[in-house]
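Below is one structure; the comments refer to it alone.
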Amino acid sequence: MTGNQSAADPPPLLEVRNLVKHFPVHTGLLGRKTAVVRAVDGVSFAISAGETLGVVGESGCGKTTLGRAILRLIEPTSGEILVEGADFRAVRGKKLRAMRRHLQIVFQDPFSSLNPRMTIGDAVREGIVIHRLAEGAEADRRVRHLLEEVGLHGEIANRYPHEFSGGQRQRIGIARALAVQPQFIVCDEPVSALDVSVQAQVVNLLLDLQRDRRLAYLFISHDLRVVEQVATRVAVMYLGRVVELATADALYREPLMPYSQALLSAIPVPDPVTRRERIVLSGDVPSPANPPTGCHFHPRCHHPGRDAACARISPPLEEKAPGHWVACIKQPPTTVPWDVQLQHGATNPPSRYLPDLTAIRA
Amino acid sequence: MADVTPASVAAFADYAPPVTSLPPAQPATLWKTLRRDRTFRSALAVLGVIVGAAIFAPLLAPYDPAAQFDLTTRLQAPSAAHWFGTDPVTRDVLSRVVFGARISLTIAFLAVALSLTIGTVVGAAAGFVGGSFDAFVARSIDALLSIPRVLLLLSVLSLWGELSTRALVVLIGTTGWFGVARLVRGEVAALRQRDFVTASRALGARGMRVLVRHVVPHLASPILVAATLGVGHMIVVEAGLSFLGFGVPQPDASWGSIIRDGREFMQTAWWLTAFPGLALVLTVLAVNVVSDRLRAALSPRQLPAP
């Protein structure tokens, strides 16, 4: 998905190639490395300015680790991170800190994301001070302006976080990130901890800011409804891998990876009369320290074509339709030829399977 | 007071308050909460009297603590002239106890200051840097904590024989920071995981800025509690050493050494041990009560709802 770029095109704002983060598991008195948790296992994508890439998946699938690894808040094990073509993984020390300005983060927990002993103004000002963007009265003016931009009063600057509600704190966290004029923001479940009515306000704020500032977002969420609302494209993650990547429109209309289908069928429908097909997954998410062989999803898969080959072939993320990338060897077309599948014990040839999800789109 | 490992030692080492994001305990609010606490007020009053006595010892003590009278005043029971009685060499016990407060408290305060400084620096460095350095420091602290304190102190003291008061402070202080280091290390390691610390790193803050702006301010409460507990503990340690004969050199006398001087006469002249013992117990009790109440008041759960 990264190779089809001609040399004349400007590089995308952010490009991630084959990003991997493994956490070693140490056990015993001597702390020997006994296992590896593959939290992020070879993720690639690109985001351009003004675009939102939604990342969805169950808890533990590596969404949060992915967000932090991109920002190098957790050091990735391998892979490339390119910011406007510049290698973000190669910089260190002063250069790294300077480059961090372009990539910011908004957190899930509004109660942990602000230092309780620091005033709102100082929190928002911190980035301005670090990068010497303004001083004195000019910095004050900027802080006030930022607070107003996120829908708060400029006069609250000398109050402490505990005086604010969850939604207000989330706005403050957004203002703090905006203070350094970033181009890209990782939104790590930014509305999951908020009331539904407040969620909409914060989502609208993020969308307004995106429009005004041409921000690019990596929007991590387990709430498919919210992602549908904000995302241009959506990546579905399962056990550290992207299993489907498509425009939000295509994904919600035609989810091709059986896991995405199951996720979408679980969206609650606010209409008691509507009947719909629900795909209920059996079993729990396997441990990312010991994922199933082949396709990670095969033990829980409901695709009628599932067979022995699924347990042996690791499915590549391949383009099934223009811009629609899916990791499944049973959804045609596939680059894994039938004779190769046969060699690995396949019994069912690829056949298109799409459950009826019309009720969800109502 | 030979027992120098009272329950307060364990509390000193293991105290770990919960890290929450509740409002900062502003000194003014803290004082408001504590003012209403009668137990805290009485403990503070007791401490005030004792510290006052130590500071104004020359004005308050009726006699020179080293002054010796004629032999007729030897081992006199408490009387109007000598409130706490006199000792075998005719010195006034009240004056000795009052001046003893100076020695005991000074040693305790300085030793606490020293051990808090070392413990905070070591603990914060380990917790903040993390990785193998942290693992090394943590295991070392565990190892050092497993050595009985008295054994450590006595073996060092037996090498030098008699130490100056200054050396004694250094010795007690440098063997008392392990618990503080463990406490601070745990706090810092927990704080390092908090989102606001991550946010600061994401903004491009250097390590020192994160430490000073986002970590250290949260250490004030646990260190304050550790400090008060530590004072009580250090008084007991010093008294124990003095009692064993390894304490402050003559003619200076701490409460521990006054008790030691009087122990042979326990059955005939109770006042020689009872009064310094009482001063010691009252002080440690008051310090521990203050510490306990302070901890309760600093604990976010007890703060009024935000």
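Labels for the structure tokens follow display order: chains A, B, ..., residues from 1 in each chain, ligands from 1.
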
What residues in chain A have any atom no more than 9 Å from chain B when counting only C-alpha atoms, and can you write them as a PyMOL selection string? chain A and resi 71-73+93-94+96-101+103-107+109+111-118+123+126-127+130-131+160-163+173+176-177+180

Would you mind exporting N, CA and C atoms of the selected residues as a compact mmCIF listing (two decimals), in the first residue's frame?
# COMPACT_ATOMS: atom_id res chain seq x y z
N LEU A 71 4.19 7.91 18.21
CA LEU A 71 4.74 9.14 18.80
C LEU A 71 6.06 8.89 19.52
N ARG A 72 6.50 7.64 19.51
CA ARG A 72 7.71 7.22 20.22
C ARG A 72 7.62 7.52 21.72
N LEU A 73 6.40 7.46 22.24
CA LEU A 73 6.25 7.54 23.69
C LEU A 73 6.54 6.16 24.26
N GLY A 93 17.39 12.88 21.06
CA GLY A 93 17.68 14.04 21.91
C GLY A 93 16.94 15.30 21.49
N LYS A 94 17.72 16.36 21.27
CA LYS A 94 17.15 17.67 21.01
C LYS A 94 16.28 17.68 19.75
N LEU A 96 14.72 15.13 18.42
CA LEU A 96 13.49 14.38 18.68
C LEU A 96 12.49 15.28 19.40
N ARG A 97 12.97 15.98 20.43
CA ARG A 97 12.06 16.84 21.19
C ARG A 97 11.49 17.94 20.32
N ALA A 98 12.31 18.47 19.41
CA ALA A 98 11.82 19.52 18.52
C ALA A 98 10.76 18.96 17.58
N MET A 99 10.97 17.74 17.11
CA MET A 99 10.05 17.14 16.14
C MET A 99 8.73 16.73 16.79
N ARG A 100 8.77 16.47 18.09
CA ARG A 100 7.56 16.06 18.81
C ARG A 100 6.45 17.10 18.68
N ARG A 101 6.86 18.33 18.45
CA ARG A 101 5.90 19.41 18.31
C ARG A 101 4.85 19.11 17.25
N LEU A 103 3.63 16.21 16.38
CA LEU A 103 2.80 15.04 16.66
C LEU A 103 2.33 15.11 18.10
N GLN A 104 1.03 15.25 18.30
CA GLN A 104 0.52 15.38 19.66
C GLN A 104 -0.46 14.26 20.00
N ILE A 105 -0.91 14.26 21.25
CA ILE A 105 -1.80 13.19 21.70
C ILE A 105 -2.89 13.74 22.62
N VAL A 106 -4.07 13.20 22.50
CA VAL A 106 -5.17 13.50 23.42
C VAL A 106 -5.56 12.17 24.07
N PHE A 107 -5.71 12.20 25.40
CA PHE A 107 -5.86 10.94 26.12
C PHE A 107 -7.31 10.57 26.39
N ASP A 109 -8.44 9.25 29.49
CA ASP A 109 -8.89 9.53 30.85
C ASP A 109 -8.70 11.00 31.19
N PHE A 111 -9.22 12.47 33.78
CA PHE A 111 -8.82 12.72 35.16
C PHE A 111 -7.35 12.44 35.40
N SER A 112 -6.74 11.72 34.51
CA SER A 112 -5.33 11.41 34.67
C SER A 112 -4.47 12.23 33.72
N SER A 113 -5.11 12.87 32.74
CA SER A 113 -4.31 13.51 31.71
C SER A 113 -3.86 14.91 32.08
N LEU A 114 -4.42 15.46 33.17
CA LEU A 114 -3.98 16.78 33.61
C LEU A 114 -3.33 16.68 34.98
N ASN A 115 -2.21 17.35 35.14
CA ASN A 115 -1.50 17.37 36.41
C ASN A 115 -2.34 18.12 37.44
N PRO A 116 -2.78 17.43 38.51
CA PRO A 116 -3.69 18.08 39.46
C PRO A 116 -3.04 19.25 40.21
N ARG A 117 -1.74 19.34 40.17
CA ARG A 117 -1.07 20.43 40.88
C ARG A 117 -0.63 21.55 39.95
N MET A 118 -1.15 21.57 38.74
CA MET A 118 -0.74 22.60 37.80
C MET A 118 -2.01 23.29 37.32
N ALA A 123 -0.70 24.33 32.21
CA ALA A 123 -0.73 23.11 31.41
C ALA A 123 -0.73 23.45 29.92
N GLU A 126 2.59 24.95 28.73
CA GLU A 126 3.82 24.15 28.78
C GLU A 126 4.50 23.98 27.41
N GLY A 127 3.70 23.61 26.41
CA GLY A 127 4.29 23.41 25.08
C GLY A 127 4.85 24.70 24.50
N ILE A 130 8.17 25.21 26.21
CA ILE A 130 9.18 24.24 25.79
C ILE A 130 9.75 24.62 24.42
N HIS A 131 8.86 25.00 23.51
CA HIS A 131 9.33 25.28 22.15
C HIS A 131 9.55 26.77 21.90
N TYR A 160 -7.55 25.14 38.84
CA TYR A 160 -6.95 23.80 38.83
C TYR A 160 -7.90 22.78 38.19
N PRO A 161 -7.33 21.67 37.68
CA PRO A 161 -8.15 20.70 36.93
C PRO A 161 -9.36 20.17 37.70
N HIS A 162 -9.25 20.04 39.04
CA HIS A 162 -10.36 19.41 39.76
C HIS A 162 -11.62 20.25 39.74
N GLU A 163 -11.49 21.49 39.29
CA GLU A 163 -12.68 22.35 39.24
C GLU A 163 -13.49 22.13 37.96
N GLY A 173 -7.26 19.32 27.55
CA GLY A 173 -6.23 18.44 26.99
C GLY A 173 -6.03 18.71 25.50
N ARG A 176 -4.09 21.93 25.15
CA ARG A 176 -2.67 21.71 25.44
C ARG A 176 -1.95 21.16 24.22
N ALA A 177 -2.62 20.20 23.53
CA ALA A 177 -2.00 19.62 22.34
C ALA A 177 -1.90 20.66 21.22
N VAL A 180 1.13 23.69 20.57
CA VAL A 180 2.39 23.61 19.82
C VAL A 180 2.14 23.53 18.31

Per-residue DSSP, range 82-232 of chain A, filtered to strand (DSSP E or B), as number ranges by chain: A: 82-83, 86-87, 103-106, 184-188, 216-220

Those residues you just picked out, can you put them in a file as a PDB file, in the first residue's frame with C-alpha atoms?
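Result saved to out_33.pdb:
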ATOM      1  CA  LEU A  82       8.043   9.028   8.316  1.00  0.00           C
ATOM      2  CA  VAL A  83       6.815  12.540   9.038  1.00  0.00           C
ATOM      3  CA  ALA A  86      11.570  12.627   7.373  1.00  0.00           C
ATOM      4  CA  ASP A  87      12.573   9.592   9.391  1.00  0.00           C
ATOM      5  CA  LEU A 103       2.799  15.040  16.660  1.00  0.00           C
ATOM      6  CA  GLN A 104       0.522  15.376  19.657  1.00  0.00           C
ATOM      7  CA  ILE A 105      -1.799  13.189  21.697  1.00  0.00           C
ATOM      8  CA  VAL A 106      -5.170  13.500  23.419  1.00  0.00           C
ATOM      9  CA  PHE A 184      -1.048  15.280  13.542  1.00  0.00           C
ATOM     10  CA  ILE A 185      -2.849  14.248  16.727  1.00  0.00           C
ATOM     11  CA  VAL A 186      -3.301  10.777  18.118  1.00  0.00           C
ATOM     12  CA  CYS A 187      -6.755  10.788  19.713  1.00  0.00           C
ATOM     13  CA  ASP A 188      -6.614   7.813  22.056  1.00  0.00           C
ATOM     14  CA  ALA A 216      -4.657  14.809  10.656  1.00  0.00           C
ATOM     15  CA  TYR A 217      -6.012  12.471  13.319  1.00  0.00           C
ATOM     16  CA  LEU A 218      -5.349   8.915  14.264  1.00  0.00           C
ATOM     17  CA  PHE A 219      -8.649   8.324  16.000  1.00  0.00           C
ATOM     18  CA  ILE A 220      -8.471   5.278  18.260  1.00  0.00           C
TER      19      ILE A 220
END

Leaving out range 149-153 of chain A and any residue of its chain fewer than 4 positions from it, which residues lie within 8 Å of it when counting only C-alpha atoms, given as a PyMOL selection string? chain A and resi 144-145+168+171-172+174-175+205

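Distance check against Leu145 in chain B using only C-alpha atoms: of B:Ala189, B:Ile259, B:Val180, B:Val287, the minimum falls on B:Val180.
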
Å distance separating CA of Ala266 in chain A from CA of Thr334 in chain A, one decimal place: 26.8 Å

For the atom pair CA of Glu318 in chain A and CA of Cys61 in chain A, what is the interatomic distance in Å to one decimal place?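 Computing the Euclidean distance for CA of Glu318 in chain A and CA of Cys61 in chain A yields 20.2 Å.
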
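We find CA of Ser79 in chain B and CA of Trp271 in chain B to be spaced 11.1 Å apart.
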
Find the residues near Val150 in chain B: any atom within 12 Å, counting only C-alpha atoms, skip ones fewer than 3 places away on the same chain, and give them as a list in words.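 That gives Ala2, Asp3, Val4, Thr5, Pro6, Leu145, Ser146, Ile147, Leu153, Leu154, Ser155, Val156, Leu157, Ser158, Leu171, Ile172, Thr175, Gly176, Val236, Val237, Glu238, Ala239, Gly240, Leu241, Ser242, Leu244 and Phe246 of chain B.
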